[in-house]
$ cat entry-v2.cif   # mmCIF, C-alpha atoms, pLDDT in the B column; chains and numbers go by the auth columns
data_start
#
loop_
_atom_site.group_PDB
_atom_site.id
_atom_site.type_symbol
_atom_site.label_atom_id
_atom_site.label_comp_id
_atom_site.label_asym_id
_atom_site.label_seq_id
_atom_site.Cartn_x
_atom_site.Cartn_y
_atom_site.Cartn_z
_atom_site.B_iso_or_equiv
_atom_site.auth_seq_id
_atom_site.auth_asym_id
ATOM 1 C CA MET A 1 132.098 57.712 38.629 74.00 1 A
ATOM 2 C CA ILE A 2 129.604 59.826 36.716 78.00 2 A
ATOM 3 C CA VAL A 3 126.366 58.321 35.378 83.00 3 A
ATOM 4 C CA CYS A 4 125.144 59.629 32.035 78.00 4 A
ATOM 5 C CA PRO A 5 121.656 61.149 32.436 77.00 5 A
ATOM 6 C CA ASN A 6 120.780 60.025 28.895 78.00 6 A
ATOM 7 C CA CYS A 7 121.851 56.352 28.695 81.00 7 A
ATOM 8 C CA ASN A 8 123.004 55.565 32.302 83.00 8 A
ATOM 9 C CA HIS A 9 126.489 54.611 31.080 81.00 9 A
ATOM 10 C CA ARG A 10 129.172 55.041 33.763 82.00 10 A
ATOM 11 C CA GLU A 11 132.070 57.421 33.034 79.00 11 A
ATOM 12 C CA VAL A 12 135.194 58.343 34.989 79.00 12 A
ATOM 13 C CA ALA A 13 135.071 61.469 37.160 74.00 13 A
ATOM 14 C CA GLY A 14 135.839 64.615 35.162 72.00 14 A
ATOM 15 C CA ALA A 15 134.408 63.351 31.864 75.00 15 A
ATOM 16 C CA LEU A 16 132.623 66.077 29.926 74.00 16 A
ATOM 17 C CA PHE A 17 130.724 63.865 27.474 73.00 17 A
ATOM 18 C CA CYS A 18 129.407 60.304 27.559 74.00 18 A
ATOM 19 C CA SER A 19 131.586 57.953 25.497 75.00 19 A
ATOM 20 C CA GLU A 20 128.528 55.810 24.718 75.00 20 A
ATOM 21 C CA CYS A 21 125.947 58.353 23.481 72.00 21 A
ATOM 22 C CA GLY A 22 127.865 61.669 23.418 73.00 22 A
ATOM 23 C CA ALA A 23 125.553 63.427 25.890 74.00 23 A
ATOM 24 C CA GLN A 24 127.000 66.324 27.872 75.00 24 A
ATOM 25 C CA LEU A 25 127.779 65.236 31.431 73.00 25 A
ATOM 26 C CA VAL A 26 128.714 68.565 33.014 66.00 26 A
ATOM 27 C CA SER A 27 125.893 71.014 33.600 55.00 27 A
ATOM 28 C CA MET A 28 126.943 74.452 32.410 46.00 28 A
ATOM 29 C CA ASN A 29 124.574 76.097 34.896 47.00 29 A
ATOM 30 C CA ARG A 30 126.901 75.217 37.779 46.00 30 A
ATOM 31 C CA LEU A 31 129.935 76.862 36.223 44.00 31 A
ATOM 32 C CA THR A 32 130.607 80.536 36.734 47.00 32 A
ATOM 33 C CA THR A 33 131.847 82.731 33.953 45.00 33 A
ATOM 34 C CA GLN A 34 133.200 86.199 33.694 49.00 34 A
ATOM 35 C CA SER A 35 131.067 88.311 31.420 48.00 35 A
ATOM 36 C CA ILE A 36 132.675 90.243 28.619 51.00 36 A
ATOM 37 C CA GLY A 37 130.539 93.221 27.631 52.00 37 A
ATOM 38 C CA LYS A 38 129.552 93.726 24.023 49.00 38 A
ATOM 39 C CA THR A 39 130.484 96.883 22.180 47.00 39 A
ATOM 40 C CA SER A 40 127.742 99.048 20.749 46.00 40 A
ATOM 41 C CA GLY A 41 129.147 99.110 17.205 47.00 41 A
ATOM 42 C CA PRO A 42 130.359 96.391 14.873 46.00 42 A
ATOM 43 C CA LEU A 43 133.463 94.523 15.944 44.00 43 A
ATOM 44 C CA THR A 44 136.511 95.362 13.888 43.00 44 A
ATOM 45 C CA ASP A 45 139.033 93.662 16.157 45.00 45 A
ATOM 46 C CA MET A 46 138.690 90.299 17.881 44.00 46 A
ATOM 47 C CA THR A 47 140.843 91.404 20.828 45.00 47 A
ATOM 48 C CA VAL A 48 139.129 90.941 24.168 47.00 48 A
ATOM 49 C CA SER A 49 141.029 91.282 27.408 48.00 49 A
ATOM 50 C CA PRO A 50 141.293 87.793 28.910 48.00 50 A
ATOM 51 C CA PRO A 51 139.713 87.083 32.254 50.00 51 A
ATOM 52 C CA ASP A 52 141.977 85.540 34.840 51.00 52 A
ATOM 53 C CA ALA A 53 142.631 81.857 34.317 46.00 53 A
ATOM 54 C CA PRO A 54 139.663 79.996 35.810 44.00 54 A
ATOM 55 C CA ALA A 55 139.895 78.473 39.244 42.00 55 A
ATOM 56 C CA VAL A 56 139.650 74.711 39.155 39.00 56 A
ATOM 57 C CA ALA A 57 136.157 73.481 39.967 39.00 57 A
ATOM 58 C CA ALA A 58 135.904 70.670 42.496 38.00 58 A
ATOM 59 C CA GLY A 59 136.941 67.405 40.864 39.00 59 A
ATOM 60 C CA ILE A 60 137.912 69.027 37.551 41.00 60 A
ATOM 61 C CA ASP A 61 141.607 69.455 36.863 49.00 61 A
ATOM 62 C CA ALA A 62 141.185 71.797 33.913 52.00 62 A
ATOM 63 C CA VAL A 63 144.307 73.234 32.358 80.00 63 A
ATOM 64 C CA ILE A 64 142.461 74.571 29.301 88.00 64 A
ATOM 65 C CA SER A 65 139.098 76.296 29.373 91.00 65 A
ATOM 66 C CA LEU A 66 137.107 77.555 26.416 94.00 66 A
ATOM 67 C CA TYR A 67 135.154 80.776 26.918 94.00 67 A
ATOM 68 C CA LEU A 68 132.403 80.943 24.295 94.00 68 A
ATOM 69 C CA VAL A 69 132.204 84.686 23.698 93.00 69 A
ATOM 70 C CA ASP A 70 128.668 84.948 22.273 91.00 70 A
ATOM 71 C CA SER A 71 126.938 82.677 24.801 90.00 71 A
ATOM 72 C CA GLY A 72 129.118 83.435 27.837 91.00 72 A
ATOM 73 C CA GLN A 73 129.593 79.708 28.548 91.00 73 A
ATOM 74 C CA LEU A 74 132.812 78.307 29.999 92.00 74 A
ATOM 75 C CA LEU A 75 133.871 74.774 29.045 92.00 75 A
ATOM 76 C CA ASN A 76 136.631 73.222 31.165 91.00 76 A
ATOM 77 C CA LEU A 77 138.716 70.602 29.370 90.00 77 A
ATOM 78 C CA ALA A 78 140.269 67.950 31.584 85.00 78 A
ATOM 79 C CA GLY A 79 141.436 64.367 31.695 85.00 79 A
ATOM 80 C CA ARG A 80 143.320 64.251 28.392 88.00 80 A
ATOM 81 C CA THR A 81 146.184 65.857 26.535 90.00 81 A
ATOM 82 C CA GLU A 82 144.319 66.198 23.224 93.00 82 A
ATOM 83 C CA PHE A 83 140.759 67.272 22.403 94.00 83 A
ATOM 84 C CA THR A 84 138.932 67.476 19.097 95.00 84 A
ATOM 85 C CA LEU A 85 136.458 70.338 18.647 96.00 85 A
ATOM 86 C CA GLY A 86 133.436 70.140 16.371 96.00 86 A
ATOM 87 C CA ARG A 87 129.750 69.400 16.194 94.00 87 A
ATOM 88 C CA VAL A 88 127.682 66.226 16.136 93.00 88 A
ATOM 89 C CA ALA A 89 125.512 65.306 13.154 88.00 89 A
ATOM 90 C CA GLU A 90 123.171 62.348 12.735 86.00 90 A
ATOM 91 C CA GLY A 91 124.963 59.202 11.560 85.00 91 A
ATOM 92 C CA GLN A 92 128.422 60.647 12.183 85.00 92 A
ATOM 93 C CA PRO A 93 130.843 57.751 12.820 89.00 93 A
ATOM 94 C CA ILE A 94 133.554 59.734 14.629 89.00 94 A
ATOM 95 C CA LEU A 95 132.433 62.203 17.289 91.00 95 A
ATOM 96 C CA PRO A 96 134.401 65.235 18.509 93.00 96 A
ATOM 97 C CA ASP A 97 135.595 65.252 22.122 92.00 97 A
ATOM 98 C CA VAL A 98 133.992 68.674 22.597 93.00 98 A
ATOM 99 C CA ASP A 99 130.550 68.949 20.964 94.00 99 A
ATOM 100 C CA LEU A 100 129.827 72.586 20.139 95.00 100 A
ATOM 101 C CA SER A 101 126.369 71.804 18.685 93.00 101 A
ATOM 102 C CA PRO A 102 124.495 73.363 21.649 93.00 102 A
ATOM 103 C CA TYR A 103 126.181 76.702 20.867 93.00 103 A
ATOM 104 C CA GLU A 104 124.794 77.176 17.317 93.00 104 A
ATOM 105 C CA ALA A 105 127.852 75.462 15.820 93.00 105 A
ATOM 106 C CA PHE A 106 126.077 74.381 12.633 93.00 106 A
ATOM 107 C CA SER A 107 124.771 77.853 11.766 94.00 107 A
ATOM 108 C CA LEU A 108 128.142 79.420 12.651 95.00 108 A
ATOM 109 C CA GLY A 109 130.045 77.162 10.236 95.00 109 A
ATOM 110 C CA VAL A 110 131.752 74.725 12.614 96.00 110 A
ATOM 111 C CA SER A 111 132.720 71.472 10.900 96.00 111 A
ATOM 112 C CA ARG A 112 132.006 68.051 12.414 94.00 112 A
ATOM 113 C CA LEU A 113 135.704 67.611 13.196 95.00 113 A
ATOM 114 C CA HIS A 114 136.934 71.199 12.996 96.00 114 A
ATOM 115 C CA ALA A 115 140.125 71.542 15.060 96.00 115 A
ATOM 116 C CA SER A 116 142.188 69.889 17.775 96.00 116 A
ATOM 117 C CA LEU A 117 143.754 71.288 20.931 95.00 117 A
ATOM 118 C CA LYS A 118 146.827 69.539 22.299 94.00 118 A
ATOM 119 C CA LEU A 119 148.799 69.972 25.526 90.00 119 A
ATOM 120 C CA ALA A 120 152.483 69.411 24.772 85.00 120 A
ATOM 121 C CA ASN A 121 155.432 70.430 26.951 82.00 121 A
ATOM 122 C CA GLU A 122 153.285 72.866 28.986 80.00 122 A
ATOM 123 C CA ARG A 123 152.094 74.538 25.762 89.00 123 A
ATOM 124 C CA VAL A 124 148.698 74.491 24.127 93.00 124 A
ATOM 125 C CA ILE A 125 148.667 73.850 20.378 95.00 125 A
ATOM 126 C CA ILE A 126 145.771 74.194 17.934 96.00 126 A
ATOM 127 C CA THR A 127 145.500 72.420 14.587 97.00 127 A
ATOM 128 C CA ASP A 128 142.778 72.954 11.986 96.00 128 A
ATOM 129 C CA LEU A 129 141.614 69.509 10.839 96.00 129 A
ATOM 130 C CA GLY A 130 140.799 70.568 7.277 95.00 130 A
ATOM 131 C CA SER A 131 137.560 72.331 8.234 95.00 131 A
ATOM 132 C CA SER A 132 135.262 73.810 5.591 93.00 132 A
ATOM 133 C CA ASN A 133 135.185 77.344 7.017 95.00 133 A
ATOM 134 C CA GLY A 134 138.663 77.533 8.507 96.00 134 A
ATOM 135 C CA THR A 135 140.147 78.395 11.889 97.00 135 A
ATOM 136 C CA ARG A 136 141.482 81.789 12.892 96.00 136 A
ATOM 137 C CA VAL A 137 143.821 82.647 15.761 97.00 137 A
ATOM 138 C CA ASN A 138 143.624 86.306 16.809 96.00 138 A
ATOM 139 C CA GLY A 139 142.046 87.125 13.436 94.00 139 A
ATOM 140 C CA GLN A 140 144.673 85.329 11.311 96.00 140 A
ATOM 141 C CA LYS A 141 143.582 82.268 9.329 96.00 141 A
ATOM 142 C CA ILE A 142 145.759 79.251 10.057 96.00 142 A
ATOM 143 C CA VAL A 143 146.863 76.645 7.522 96.00 143 A
ATOM 144 C CA PRO A 144 145.079 73.283 7.933 95.00 144 A
ATOM 145 C CA HIS A 145 147.034 70.399 9.476 96.00 145 A
ATOM 146 C CA LEU A 146 149.820 72.659 10.858 96.00 146 A
ATOM 147 C CA GLU A 147 150.295 73.203 14.593 95.00 147 A
ATOM 148 C CA TYR A 148 150.035 76.739 16.024 96.00 148 A
ATOM 149 C CA PRO A 149 150.871 77.633 19.655 95.00 149 A
ATOM 150 C CA LEU A 150 148.232 79.380 21.764 95.00 150 A
ATOM 151 C CA ASN A 151 148.615 81.722 24.731 93.00 151 A
ATOM 152 C CA HIS A 152 146.248 82.571 27.571 92.00 152 A
ATOM 153 C CA GLY A 153 143.600 84.957 26.242 93.00 153 A
ATOM 154 C CA ASP A 154 144.050 84.184 22.546 95.00 154 A
ATOM 155 C CA MET A 155 140.869 84.384 20.475 96.00 155 A
ATOM 156 C CA ILE A 156 140.117 81.575 18.072 97.00 156 A
ATOM 157 C CA ALA A 157 137.288 81.414 15.575 96.00 157 A
ATOM 158 C CA LEU A 158 135.978 78.092 14.325 96.00 158 A
ATOM 159 C CA GLY A 159 134.054 79.346 11.321 96.00 159 A
ATOM 160 C CA LYS A 160 132.219 82.251 12.975 96.00 160 A
ATOM 161 C CA LEU A 161 132.120 80.744 16.492 96.00 161 A
ATOM 162 C CA LYS A 162 134.378 82.912 18.669 97.00 162 A
ATOM 163 C CA ILE A 163 136.181 81.227 21.558 96.00 163 A
ATOM 164 C CA GLN A 164 138.710 82.657 23.982 96.00 164 A
ATOM 165 C CA ILE A 165 141.370 80.248 25.262 94.00 165 A
ATOM 166 C CA LEU A 166 142.014 80.349 28.998 92.00 166 A
ATOM 167 C CA ILE A 167 145.108 78.481 30.159 88.00 167 A
ATOM 168 C CA ARG A 168 145.921 77.671 33.778 84.00 168 A
ATOM 169 C CA LYS A 169 149.613 77.058 34.427 72.00 169 A
#

$ encode --input "entry-v2.cif" --output "structure tokens"
Amino acid sequence: MIVCPNCNHREVAGALFCSECGAQLVSMNRLTTQSIGKTSGPLTDMTVSPPDAPAVAAGIDAVISLYLVDSGQLLNLAGRTEFTLGRVAEGQPILPDVDLSPYEAFSLGVSRLHASLKLANERVIITDLGSSNGTRVNGQKIVPHLEYPLNHGDMIALGKLKIQILIRK
């Protein structure tokens, strides 16, 4: 069991966010990331060579990890087969499974419920949930509410927030 540092609610091992108050339960300082160097000029291509699929941290059975390109943070997703991505706003009745608010999500155009990631038949699928600023996969805008398959190393953009998908088989 994990105890939420914000409200002391008990969560199952491997939970990333508190189901009671939405606080982040996993400290990002303990996770290691592989740094991707920035280019000196403006980016014209979103292609970044993918780091190796992350090793599983103790107690976390992550199949999907999100590498936040600008901040260098790595978010391991575990314990479910579907995750919603977005940001939290005051008075929001439905919260995303993965809160991207700490990573400048609002200023980068991430919607409250922006996209979903689903594990299905050993494949990872992304669906834009009708977001205001759209979702891009490897630079191509995807049509809302249609499923698109993802591969290890694919770059997605939720608004202007760039995320690389890391998949462990």

$ resolve_selection --input "entry-v2.cif" --expression "the PyMOL selection byres ((chain A and resi 25) around 8)" --output "list in words"
Ile2, Cys4, Pro5, Ala15, Leu16, Phe17, Cys18, Ala23, Gln24, Val26 and Ser27 of chain A

$ write_last_selection --input "entry-v2.cif" --atoms "C-alpha atoms" --output "PDB file, in the frame of the given file"
ATOM      1  CA  ILE A   2     129.604  59.826  36.716  1.00 78.00           C
ATOM      2  CA  CYS A   4     125.144  59.629  32.035  1.00 78.00           C
ATOM      3  CA  PRO A   5     121.656  61.149  32.436  1.00 77.00           C
ATOM      4  CA  ALA A  15     134.408  63.351  31.864  1.00 75.00           C
ATOM      5  CA  LEU A  16     132.623  66.077  29.926  1.00 74.00           C
ATOM      6  CA  PHE A  17     130.724  63.865  27.474  1.00 73.00           C
ATOM      7  CA  CYS A  18     129.407  60.304  27.559  1.00 74.00           C
ATOM      8  CA  ALA A  23     125.553  63.427  25.890  1.00 74.00           C
ATOM      9  CA  GLN A  24     127.000  66.324  27.872  1.00 75.00           C
ATOM     10  CA  VAL A  26     128.714  68.565  33.014  1.00 66.00           C
ATOM     11  CA  SER A  27     125.893  71.014  33.600  1.00 55.00           C
TER      12      SER A  27
END

$ resolve_selection --input "entry-v2.cif" --expression "the PyMOL selection byres ((chain A and resi 115-119) around 6)" --output "list in words"
Thr81, Glu82, Phe83, Thr84, Leu85, His114, Ala120, Arg123, Val124, Ile125, Ile126, Thr127, Asp128 and Leu129 of chain A

$ resolve_selection --input "entry-v2.cif" --expression "the PyMOL selection byres ((chain A and resi 160) around 8)" --output "VMD selection string"
chain A and resid 108 to 110 157 to 159 161 to 162

$ atom_distance --input "entry-v2.cif" --atom1 "CA of Arg168 in chain A" --atom2 "CA of Arg10 in chain A"
28.2 Å

$ residues_around --input "entry-v2.cif" --residues "range 65-72 of chain A" --least-positions-apart "5" --cutoff "6 Å" --atoms "only C-alpha atoms" --output "mmCIF file with C-alpha atoms, in the coordinates of the input"
data_model
loop_
_atom_site.group_PDB
_atom_site.id
_atom_site.type_symbol
_atom_site.label_atom_id
_atom_site.label_comp_id
_atom_site.auth_asym_id
_atom_site.auth_seq_id
_atom_site.Cartn_x
_atom_site.Cartn_y
_atom_site.Cartn_z
ATOM 1 C CA LEU A 77 138.716 70.602 29.370
ATOM 2 C CA LYS A 162 134.378 82.912 18.669
ATOM 3 C CA ILE A 163 136.181 81.227 21.558
ATOM 4 C CA GLN A 164 138.710 82.657 23.982
ATOM 5 C CA ILE A 165 141.370 80.248 25.262
ATOM 6 C CA LEU A 166 142.014 80.349 28.998
#

$ closest_residue --input "entry-v2.cif" --among "A:Gly130, A:Gly22, A:Gly14, A:Pro93" --to "Pro144 in chain A" --atoms "only C-alpha atoms"
A:Gly130

$ axis_aligned_box --input "entry-v2.cif" --around "range 3-17 of chain A" --padding-each-side "4 Å" --output "lines of an AutoDock Vina configuration file"
center_x = 128.3
center_y = 60.3
center_z = 32.3
size_x = 23.1
size_y = 19.5
size_z = 17.7

$ atom_distance --input "entry-v2.cif" --atom1 "CA of Glu147 in chain A" --atom2 "CA of Lys169 in chain A"
20.2 Å

$ atom_distance --input "entry-v2.cif" --atom1 "CA of Gly153 in chain A" --atom2 "CA of Ile64 in chain A"
10.9 Å

$ residues_near_point --input "entry-v2.cif" --point "(130.4, 69.9, 20.7)" --cutoff "7 Å" --atoms "all atoms listed in the file" --output "PyMOL selection string"
chain A and resi 85-88+96+98-102

$ closest_residue --input "entry-v2.cif" --among "A:Asn151, A:Ser19, A:Asn8, A:Asn133" --to "Phe106 in chain A" --atoms "only C-alpha atoms"
A:Asn133

$ closest_residue --input "entry-v2.cif" --among "A:Ile142, A:Asp97, A:Leu74, A:Ala89" --to "Arg112 in chain A" --atoms "only C-alpha atoms"
A:Ala89

$ build_atoms --input "entry-v2.cif" --residues "range 108-128 of chain A" --atoms "N, CA and C atoms" --output "short mmCIF file (atom, residue, chain, number, x, y, z; two decimals), in the frame of the given file"
data_model
loop_
_atom_site.label_atom_id
_atom_site.label_comp_id
_atom_site.auth_asym_id
_atom_site.auth_seq_id
_atom_site.Cartn_x
_atom_site.Cartn_y
_atom_site.Cartn_z
N LEU A 108 126.95 78.58 12.63
CA LEU A 108 128.14 79.42 12.65
C LEU A 108 129.29 78.83 11.83
N GLY A 109 129.05 77.71 11.16
CA GLY A 109 130.04 77.16 10.24
C GLY A 109 131.11 76.28 10.86
N VAL A 110 130.80 75.65 11.99
CA VAL A 110 131.75 74.72 12.61
C VAL A 110 131.61 73.37 11.95
N SER A 111 132.72 72.79 11.53
CA SER A 111 132.72 71.47 10.90
C SER A 111 132.53 70.38 11.94
N ARG A 112 132.21 69.18 11.49
CA ARG A 112 132.01 68.05 12.41
C ARG A 112 133.27 67.75 13.20
N LEU A 113 134.40 67.70 12.54
CA LEU A 113 135.70 67.61 13.20
C LEU A 113 136.49 68.83 12.71
N HIS A 114 136.43 69.91 13.46
CA HIS A 114 136.93 71.20 13.00
C HIS A 114 138.40 71.42 13.34
N ALA A 115 138.76 71.24 14.61
CA ALA A 115 140.12 71.54 15.06
C ALA A 115 140.47 70.65 16.25
N SER A 116 141.76 70.61 16.58
CA SER A 116 142.19 69.89 17.77
C SER A 116 143.03 70.81 18.65
N LEU A 117 142.92 70.60 19.94
CA LEU A 117 143.75 71.29 20.93
C LEU A 117 144.61 70.23 21.59
N LYS A 118 145.91 70.51 21.73
CA LYS A 118 146.83 69.54 22.30
C LYS A 118 147.69 70.21 23.35
N LEU A 119 147.86 69.54 24.49
CA LEU A 119 148.80 69.97 25.53
C LEU A 119 150.11 69.25 25.27
N ALA A 120 151.18 70.01 25.03
CA ALA A 120 152.48 69.41 24.77
C ALA A 120 153.56 70.29 25.40
N ASN A 121 154.34 69.71 26.29
CA ASN A 121 155.43 70.43 26.95
C ASN A 121 154.97 71.75 27.56
N GLU A 122 153.86 71.70 28.31
CA GLU A 122 153.28 72.87 28.99
C GLU A 122 152.86 73.96 28.02
N ARG A 123 152.60 73.60 26.76
CA ARG A 123 152.09 74.54 25.76
C ARG A 123 150.79 73.99 25.22
N VAL A 124 149.95 74.89 24.76
CA VAL A 124 148.70 74.49 24.13
C VAL A 124 148.83 74.77 22.63
N ILE A 125 148.50 73.76 21.83
CA ILE A 125 148.67 73.85 20.38
C ILE A 125 147.33 73.59 19.71
N ILE A 126 147.00 74.40 18.71
CA ILE A 126 145.77 74.19 17.93
C ILE A 126 146.15 73.77 16.52
N THR A 127 145.33 72.88 15.96
CA THR A 127 145.50 72.42 14.59
C THR A 127 144.13 72.39 13.92
N ASP A 128 144.00 73.04 12.77
CA ASP A 128 142.78 72.95 11.99
C ASP A 128 142.79 71.59 11.30
#
